[in-house]
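Visitor: Mind having a look at this structure? Questions to follow.
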Amino acid sequence: MNRWLRFLPLLILVAFVGAVAWRLGKPAEQEIRSQMIGQPVPAFALAPAVSGKAGLSSTELAKGQPRMINVFASWCVPCIAEAPLLSELKRKGVAIDAVAVRDKPEDVSAFLARNGDPFERIGADPESKVQLALGSSGVPESFIVDGRGVIRYQHMGPIEPEDVPTILQEWEAAK
Amino acid sequence: MKRMALAFALMVAAPVLADSDLPAARWANEQLPDPRQEAQAKALMEELRCLVCQGQSIADSDAELAGDMRAMVRQRIAAGERPEQVRSWLIERYGNWVSYRPPVEPVTWPLWGAPILLLMAGAWLLRKRLVRRRR
């Protein structure tokens, strides 16, 4: 029995190397989802991010109808990619507000002029405070908030064409 | 030489692509005037995980979001919040993942127990050795 026992360290080593090799080949989920799904939107009031358009406050998000909040920035490249899909969602009846993270009014205006403006309100979040309060860990991200102000859905990363049906479904579910 | 310079320029320029134009938040890199509060904030920052550069603490990270998180930690501590309140505010949003200090709960028992078990196993092995040598 003792003769076999001395192979035990080797077996442990093989198991360890095997586990490490498996994890390296199949990395763990890197997305950190917000834990705020099912929770009310935290209270906030953001100043307008561009002139001529209202800022965004949490009280606007509990008025009986669902709303989508798009967390974006003019300096964010994937945000350009998802812009046409936000316009498409708007055409399909999704009411979209936005939080512009660490942005300047002139940059946001230029971004909207170039990529379309599907937003009703845009709040400026110069120190990422609302982004952190929502549990968002990057740009772009989108949240669906129901008419009672409860966060129902989070989409991480740019919206791709194949995400549109899911988002519409979540939108209907939030009604 | 030119190539080296170009490579160096690219190395320096790459992070800028994903960054905003705004300067860092005021308290991202500025210490609190009260040394006791600053010490509390710093200790907490070392135990909070950066959201965009996973594997670094917000104290170590140069990412803008980490800077904004440091500013938030300092502002909340300056406003009189205890470090554990700030930590649990973040855990409510990002889960236990965001904190480097795992809570003691059934899921993490192996984590806390493993060092004790390994020490005990080591002591047991060593005892066998010592006994054998004495013979």
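Residues in the structure tokens are numbered from 1 in each chain, the chains being A, B, ... in the order shown, and ligands are numbered from 1 in the order shown.
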Hey, what does DSSP flag as helix (DSSP H, G or I) within stretch 67-121 of chain A? Can you give it to me as a PyMOL selection string?
Guide: chain A and resi 77-91+105-115
Visitor: Tell me, as a ChimeraX atom specification, which residues lie within 10 Å of stretch 63-78 of chain B, counting only C-alpha atoms; anything in the same chain fewer than 4 positions away does not count.
Guide: /A:101-102,126-129,131-132,137-138 /B:15,18-20,22-34,37-38,40-42,44-46,48-53,56-59,82-83,85-87,90
Visitor: Just need the residues of chain A within 6 Å of chain B, counting only C-alpha atoms, so spit them out as an mmCIF file with N, CA and C atoms, in the first residue's frame.
Guide:
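Written output follows (result27.cif):
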data_model
loop_
_atom_site.group_PDB
_atom_site.id
_atom_site.type_symbol
_atom_site.label_atom_id
_atom_site.label_comp_id
_atom_site.auth_asym_id
_atom_site.auth_seq_id
_atom_site.Cartn_x
_atom_site.Cartn_y
_atom_site.Cartn_z
ATOM 1 N N SER A 34 -24.599 43.052 -13.233
ATOM 2 C CA SER A 34 -25.107 43.871 -12.138
ATOM 3 C C SER A 34 -25.996 43.022 -11.237
ATOM 4 N N GLN A 35 -25.862 43.226 -9.934
ATOM 5 C CA GLN A 35 -26.723 42.532 -8.970
ATOM 6 C C GLN A 35 -28.004 43.327 -8.730
ATOM 7 N N MET A 36 -28.182 44.409 -9.508
ATOM 8 C CA MET A 36 -29.304 45.314 -9.249
ATOM 9 C C MET A 36 -30.567 44.905 -9.995
ATOM 10 N N TRP A 75 -16.379 58.569 -26.470
ATOM 11 C CA TRP A 75 -15.031 58.034 -26.693
ATOM 12 C C TRP A 75 -15.024 56.513 -26.777
ATOM 13 N N GLU A 127 -18.130 61.528 -13.284
ATOM 14 C CA GLU A 127 -17.260 60.711 -12.414
ATOM 15 C C GLU A 127 -17.771 59.275 -12.299
ATOM 16 N N GLY A 135 -24.437 49.403 -11.085
ATOM 17 C CA GLY A 135 -23.743 48.118 -11.150
ATOM 18 C C GLY A 135 -23.224 47.820 -12.545
ATOM 19 N N SER A 137 -20.324 47.870 -15.431
ATOM 20 C CA SER A 137 -18.870 47.837 -15.344
ATOM 21 C C SER A 137 -18.199 48.233 -16.648
#
Visitor: Mind pulling up the distance from atom CA of A:Met156 to atom CA of A:Gln30?
Guide: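 Computing it gives 11.2 Å between the two atoms.
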Visitor: For the strand (DSSP E) assignment from backbone DSSP, which residues of stretch 67-138 of chain A qualify? Please present them as JSON, numbers by chain.
Guide: {"A": [67, 68, 69, 70, 71, 72, 96, 97, 98, 99, 100, 101, 119, 120, 121, 122, 123, 124, 125]}
Visitor: Go ahead and save the picked residues with C-alpha atoms, as a PDB file, in the first residue's frame.
Guide:
ATOM      1  CA  ARG A  67     -37.702  52.902 -20.201  1.00  0.00           C
ATOM      2  CA  MET A  68     -34.346  51.797 -21.471  1.00  0.00           C
ATOM      3  CA  ILE A  69     -31.178  53.430 -20.135  1.00  0.00           C
ATOM      4  CA  ASN A  70     -28.195  53.279 -22.455  1.00  0.00           C
ATOM      5  CA  VAL A  71     -24.856  53.822 -20.709  1.00  0.00           C
ATOM      6  CA  PHE A  72     -22.537  55.148 -23.396  1.00  0.00           C
ATOM      7  CA  ILE A  96     -34.494  55.256 -24.588  1.00  0.00           C
ATOM      8  CA  ASP A  97     -32.685  57.587 -22.200  1.00  0.00           C
ATOM      9  CA  ALA A  98     -28.943  57.748 -21.838  1.00  0.00           C
ATOM     10  CA  VAL A  99     -26.135  58.259 -19.373  1.00  0.00           C
ATOM     11  CA  ALA A 100     -23.021  59.766 -20.965  1.00  0.00           C
ATOM     12  CA  VAL A 101     -20.018  58.599 -18.955  1.00  0.00           C
ATOM     13  CA  PHE A 119     -32.346  59.463 -26.806  1.00  0.00           C
ATOM     14  CA  GLU A 120     -35.066  61.464 -25.070  1.00  0.00           C
ATOM     15  CA  ARG A 121     -32.902  62.523 -22.152  1.00  0.00           C
ATOM     16  CA  ILE A 122     -29.155  62.359 -21.647  1.00  0.00           C
ATOM     17  CA  GLY A 123     -27.570  62.757 -18.239  1.00  0.00           C
ATOM     18  CA  ALA A 124     -23.894  63.615 -17.828  1.00  0.00           C
ATOM     19  CA  ASP A 125     -22.003  61.302 -15.476  1.00  0.00           C
TER      20      ASP A 125
END
